[in-house]
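Q: Mind having a look at this structure? Questions to follow.
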Amino acid sequence: MKSTRLVAVALRSILRNKMRTLLTMLGVVIGVGAVIVMVAIGEGAQSQIHAQIDNLGTNMIVVTPGSSSQGGVNQGAGSLNRLTVEDAEALKSESFLLSAVSPSIVAPTQIVGGQGNWRSAVFGVATDYQLIRDWPVSSGRYFDEGEVRSMRKVAVIGKTVAEALFPGEDPVGQQVRLRNVPFEVIGVLAEKGQTAEGSDQDDVVLAPYTTVKNRLSGRSFIAQILASTASPEGVAAAQVEIGSILRERHGLADWEDDDFTVRNQTDLAATAEETTEVMTLLLAAIASISLVVGGIGIMNIMLVSVSERTREIGLRLALGARSSDVLRQFLVESTVLSVLGGLIGVGLGIAGAEILGRLTGWATLISPQTVLVSLGFAASVGIFFGLWPSRRAAALDPIEALRYE
Amino acid sequence: MTEPSHGRNHHDDSPVIVATGLERVFEIGQNQVRALRGVDLTVRRGEMLAIMGASGSGKSTLMNILGCLDPPTSGTYRLDGIRVDELDKDELADVRNRKLGFVFQKFNLLARTSALENVELPLLYDRSGREMEPRRLATAALERVGLGDRLDHQPNELSGGEQQRVAIARALVTEPSLLLADEPTGNLDSRTTIEVCTLLQELNELGLTIVLVTHEPEVAQYAERIVELRDGRIIWDQPVADRRSAASDLGQLRTKDEGRAA
Ligand SMILES: Nc1ncnc2c1ncn2[C@@H]1O[C@H](COP(=O)(O)OP(=O)(O)O)[C@@H](O)[C@H]1O
Ligand SMILES: [Mg+2]
């Protein structure tokens, strides 16, 4: 039989029982829909992380405490935290390749001022931070070297903090109290938006690291050192230079591993991508299980359909169908069922991802590959799970099939 | 009524069926059931043959062999000059499609499928590669059995007699050399039986070779020749002395009805 006719015959017998067809396809519809939604979420997160990392600032290098390669397992920043403010200052004064360096000390703090209270993270940073993060102020100014050296109690606040404490007012020149220490607001940062994880980057207060260390944190160990080079080409060499300066400062012998990790933007991107890729795969795998379950549903109904249609099969054989015709008819039927279900699933998945994105604010992304791969997967499920029922149909003896009640 | 095309002008005088020494043994565990024990049968082109016999005498077994649905255990069978007993499964399927038309006791129409599509069904499996228009051929076949106005009706919208006529149209649409009917009137009332027999006789007069199984002597009287089976053997093989015309029986039935109505 010609393949167009084969599909026409399959469609005809599928349409003959619409309710059953819908129920049969339901599993595949849900499976494909779930795959589309899950992958859309995963890929959406991935693309947002990309945008985020581009947004971090150009040529940025991040130094964090702890080795990245101790027995393959990261020991955790806390256990080996030996990164100090002095390390950052040494990099600033000794490096030839870095154009900007800033420590970053984090102190979660209750902020009081203007209209009330706000809890936020205060970052102790150097003046170079502005350059490294490529983050200008929208009003006022950053603190300068002199203010850092003299431990001035000045702060630059993010847009979210500004709106929470000083709605409708210009915060510049106003006072805020960080852990009861009065600081003067000298600037408001330009808006940055959310990170890929959904945290608000504008919910932040920047102050001179000297002030934060002495007045708020009291510790000299720091979360990270940020640095940047003049051009992207200098990043690799600068990373090597940072390594040798810090190894010497930490007095590490040749056989000892680094007790810090130096990453550039590409590394950060790779790490983030790896994480989200794993997440995407995991989500897709979970969703695929429902697709396979959908395939089992098709197999069940096809088996029922084969025994219900035994006389029809006998008739077709008597009228001149070869067993290969019967095999193909049922295979095409199960494939058409699963592809049809897949198409509906794609439609529902796209709609579902859109709705979910609106409700949760998550980024979702549906690529043509996702659609094609899940449709292909649905078709293979149909063929695979249709094979057994189809072979049973093709193996029927025409006389017994015709006599079947 | 359209031109007869069943006579198959080539090898016009050669018999359609030449079967010799047909045996069929069914093995059930240790037991053997000898359903046919040496049947010789020749059927001329254009003949209408009725096979009779008690239940279990082997009628259906013989029909299945003649219909290329079941191979004989031994013996030879030539259909239209082809040694059918030597063919493989797929070749048999093709022979069934090209040379045979089947009519069953239970009609065997596809449910929820129009008469037209039911009649088109055998054309789906045509492998001769010849040019054809299934729709046109199926319409012509339905017109020939008097159902030109029922093309789009589904089986559940048709009476038993009409359903059997759709089945006959389906058997005719491939212009077979032989029409096989196993108890075609078994599920019909006496009047519809005569109607269907009228149609079969008309087709036979146009040149179609017909072999039908029946246990109703009245139906067998419409054939040209009767063969009777007993215990897997032919015990009687004679032409019908005074063959009845189903058309005139139907006419009489109608005048009787009219007389009663008047
Ligand atoms: N598939 C089969 N397996 C075993 N025995 C069978 C089978 N088909 C028919 N028979 C036996 O063969 C004999 C002839 O059966 P059948 O040809 O159906 O008779 P009829 O059609 O004349 O009533 C019966 O005894 C029946 O039981
Ligand atoms: Mg029988």
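Identifiers in the structure tokens: chain A, B, ... in order shown; residue index from 1 per chain; ligand index from 1 in order shown.
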Once you count only C-alpha atoms, which residues of chain A turn out to be within 6 Å of chain B? Could you give them as a count of residues only?

A: 4

Q: With only C-alpha atoms as the counted atoms, please give the residues lying no more than 12 Å from A:Val112, apart from itself and same-chain residues fewer than 4 positions off, as number ranges by chain.

A: A: 116-120, 161-162, 164-166, 174-184

Q: With only C-alpha atoms and all ligand atoms counted, collect every polymer residue having an atom within 8 Å of ligand 2; state the result as number ranges by chain.

A: B: 55-56, 58-61, 182-183

Q: Restricted to all heavy atoms, what would the selected residues look like written as a compact mmCIF listing (two decimals), in the first residue's frame?

A:
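In the end it all went to part.txt:
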```
# COMPACT_ATOMS: atom_id res chain seq x y z
N SER B 55 -24.01 -30.18 9.04
CA SER B 55 -23.02 -29.44 9.81
C SER B 55 -21.84 -30.36 10.14
O SER B 55 -22.04 -31.50 10.51
CB SER B 55 -23.69 -28.94 11.10
OG SER B 55 -22.73 -28.30 11.90
N GLY B 56 -20.64 -29.86 9.93
CA GLY B 56 -19.45 -30.66 10.22
C GLY B 56 -19.02 -31.52 9.07
O GLY B 56 -18.06 -32.29 9.18
N GLY B 58 -17.66 -30.53 6.32
CA GLY B 58 -16.43 -30.02 5.69
C GLY B 58 -16.65 -28.90 4.70
O GLY B 58 -15.71 -28.52 3.98
N LYS B 59 -17.86 -28.33 4.67
CA LYS B 59 -18.16 -27.28 3.68
C LYS B 59 -17.25 -26.07 3.86
O LYS B 59 -16.63 -25.59 2.90
CB LYS B 59 -19.63 -26.83 3.82
CG LYS B 59 -20.64 -27.95 3.73
CD LYS B 59 -22.06 -27.43 3.79
CE LYS B 59 -22.42 -26.78 5.12
NZ LYS B 59 -22.47 -27.72 6.26
N SER B 60 -17.18 -25.57 5.12
CA SER B 60 -16.37 -24.38 5.36
C SER B 60 -14.89 -24.65 5.11
O SER B 60 -14.17 -23.81 4.57
CB SER B 60 -16.57 -23.86 6.78
OG SER B 60 -17.90 -23.42 6.92
N THR B 61 -14.45 -25.84 5.49
CA THR B 61 -13.05 -26.20 5.25
C THR B 61 -12.74 -26.15 3.76
O THR B 61 -11.71 -25.60 3.35
CB THR B 61 -12.78 -27.61 5.81
OG1 THR B 61 -13.18 -27.64 7.18
CG2 THR B 61 -11.32 -27.97 5.70
N ASP B 182 -20.02 -18.18 1.76
CA ASP B 182 -20.28 -19.22 2.75
C ASP B 182 -21.54 -18.85 3.52
O ASP B 182 -21.53 -17.96 4.34
CB ASP B 182 -19.08 -19.36 3.69
CG ASP B 182 -19.15 -20.65 4.51
OD1 ASP B 182 -20.24 -21.28 4.53
OD2 ASP B 182 -18.13 -21.03 5.11
N GLU B 183 -22.64 -19.55 3.22
CA GLU B 183 -23.94 -19.28 3.80
C GLU B 183 -24.31 -17.80 3.73
O GLU B 183 -24.55 -17.16 4.75
CB GLU B 183 -23.98 -19.75 5.26
CG GLU B 183 -23.52 -21.21 5.36
CD GLU B 183 -24.21 -21.96 6.49
OE1 GLU B 183 -25.27 -21.50 6.94
OE2 GLU B 183 -23.68 -23.00 6.89
```

Q: Tell me which protein, DNA and RNA residues are within 10 Å of A:Asp397, counting only C-alpha atoms, leaving out same-chain ones fewer than 6 positions away, and put them as an NGL selection string.

A: (:A and (310 or 313-314 or 317-318 or 323)) or (:B and (69-70))

Q: Based on DSSP run over this structure's backbone, return all residues of stretch 212-332 of chain A in strand (DSSP E or B), as a list in words.

A: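 Going through stretch 212-332 of chain A, the strand (DSSP E or B) residues come out as Phe221, Gln224, Ile225, Leu226, Ala227, Ser228, Thr229, Phe260, Thr261, Val262, Arg263 and Asn264 of chain A.
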
Q: Between B:Val173, B:Val213, B:Ile234, B:Ala50, which one has atoms that come closest to ligand 1, using only C-alpha atoms and all ligand atoms?

A: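 Closest residue, counting only C-alpha atoms and all ligand atoms: B:Val213.
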
Q: Rank B:Met48, B:Val211, B:Ala140, B:Leu36 by their smallest atom-to-atom distance to B:Pro71, using only C-alpha atoms, and report the top residue only.

A: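 For B:Pro71, the nearest of the given residues is B:Leu36.
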
Q: What does the distance from atom CA of B:Ser177 to atom CA of B:Leu203 come to in Å, to one decimal?

A: 12.1 Å

Q: Which of these residues is nearest to A:Ser231, using only C-alpha atoms: A:Thr21, A:Ser288, A:Met60, A:Arg247?

A: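 Among A:Thr21, A:Ser288, A:Met60, A:Arg247, it is A:Met60 that comes nearest to A:Ser231.
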
Q: Tell me which protein, DNA and RNA residues are within 10 Å of B:Ser248, counting only C-alpha atoms, leaving out same-chain ones fewer than 4 positions away, and put them as a list in words.

A: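 Selected residues are Ile194, Thr198, Arg244, Gln252, Leu253 and Arg254 of chain B.
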
Q: What gap, in Å, lies between atom CA of A:Val373 and atom CA of A:Leu327?

A: 25.8 Å

Q: Quick one: everything within 8 Å of stretch 266-270 of chain A, counting only C-alpha atoms, minus sequence neighbours fewer than 3 positions away in the same chain. Send it as a list in words.

A: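 So the residues in contact are Ile49, His50, Ile53, Arg263, Glu273 and Glu274 of chain A.
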
Q: Please save C-alpha atoms of the selected residues as a CSV table (one decimal), in the first residue's frame.

A:
```csv
chain,number,residue,atom,x,y,z
A,49,ILE,CA,22.3,33.4,33.5
A,50,HIS,CA,24.1,34.2,30.3
A,53,ILE,CA,27.1,37.1,33.5
A,263,ARG,CA,37.8,32.5,38.1
A,273,GLU,CA,25.8,26.7,32.6
A,274,GLU,CA,26.8,23.3,33.9
```
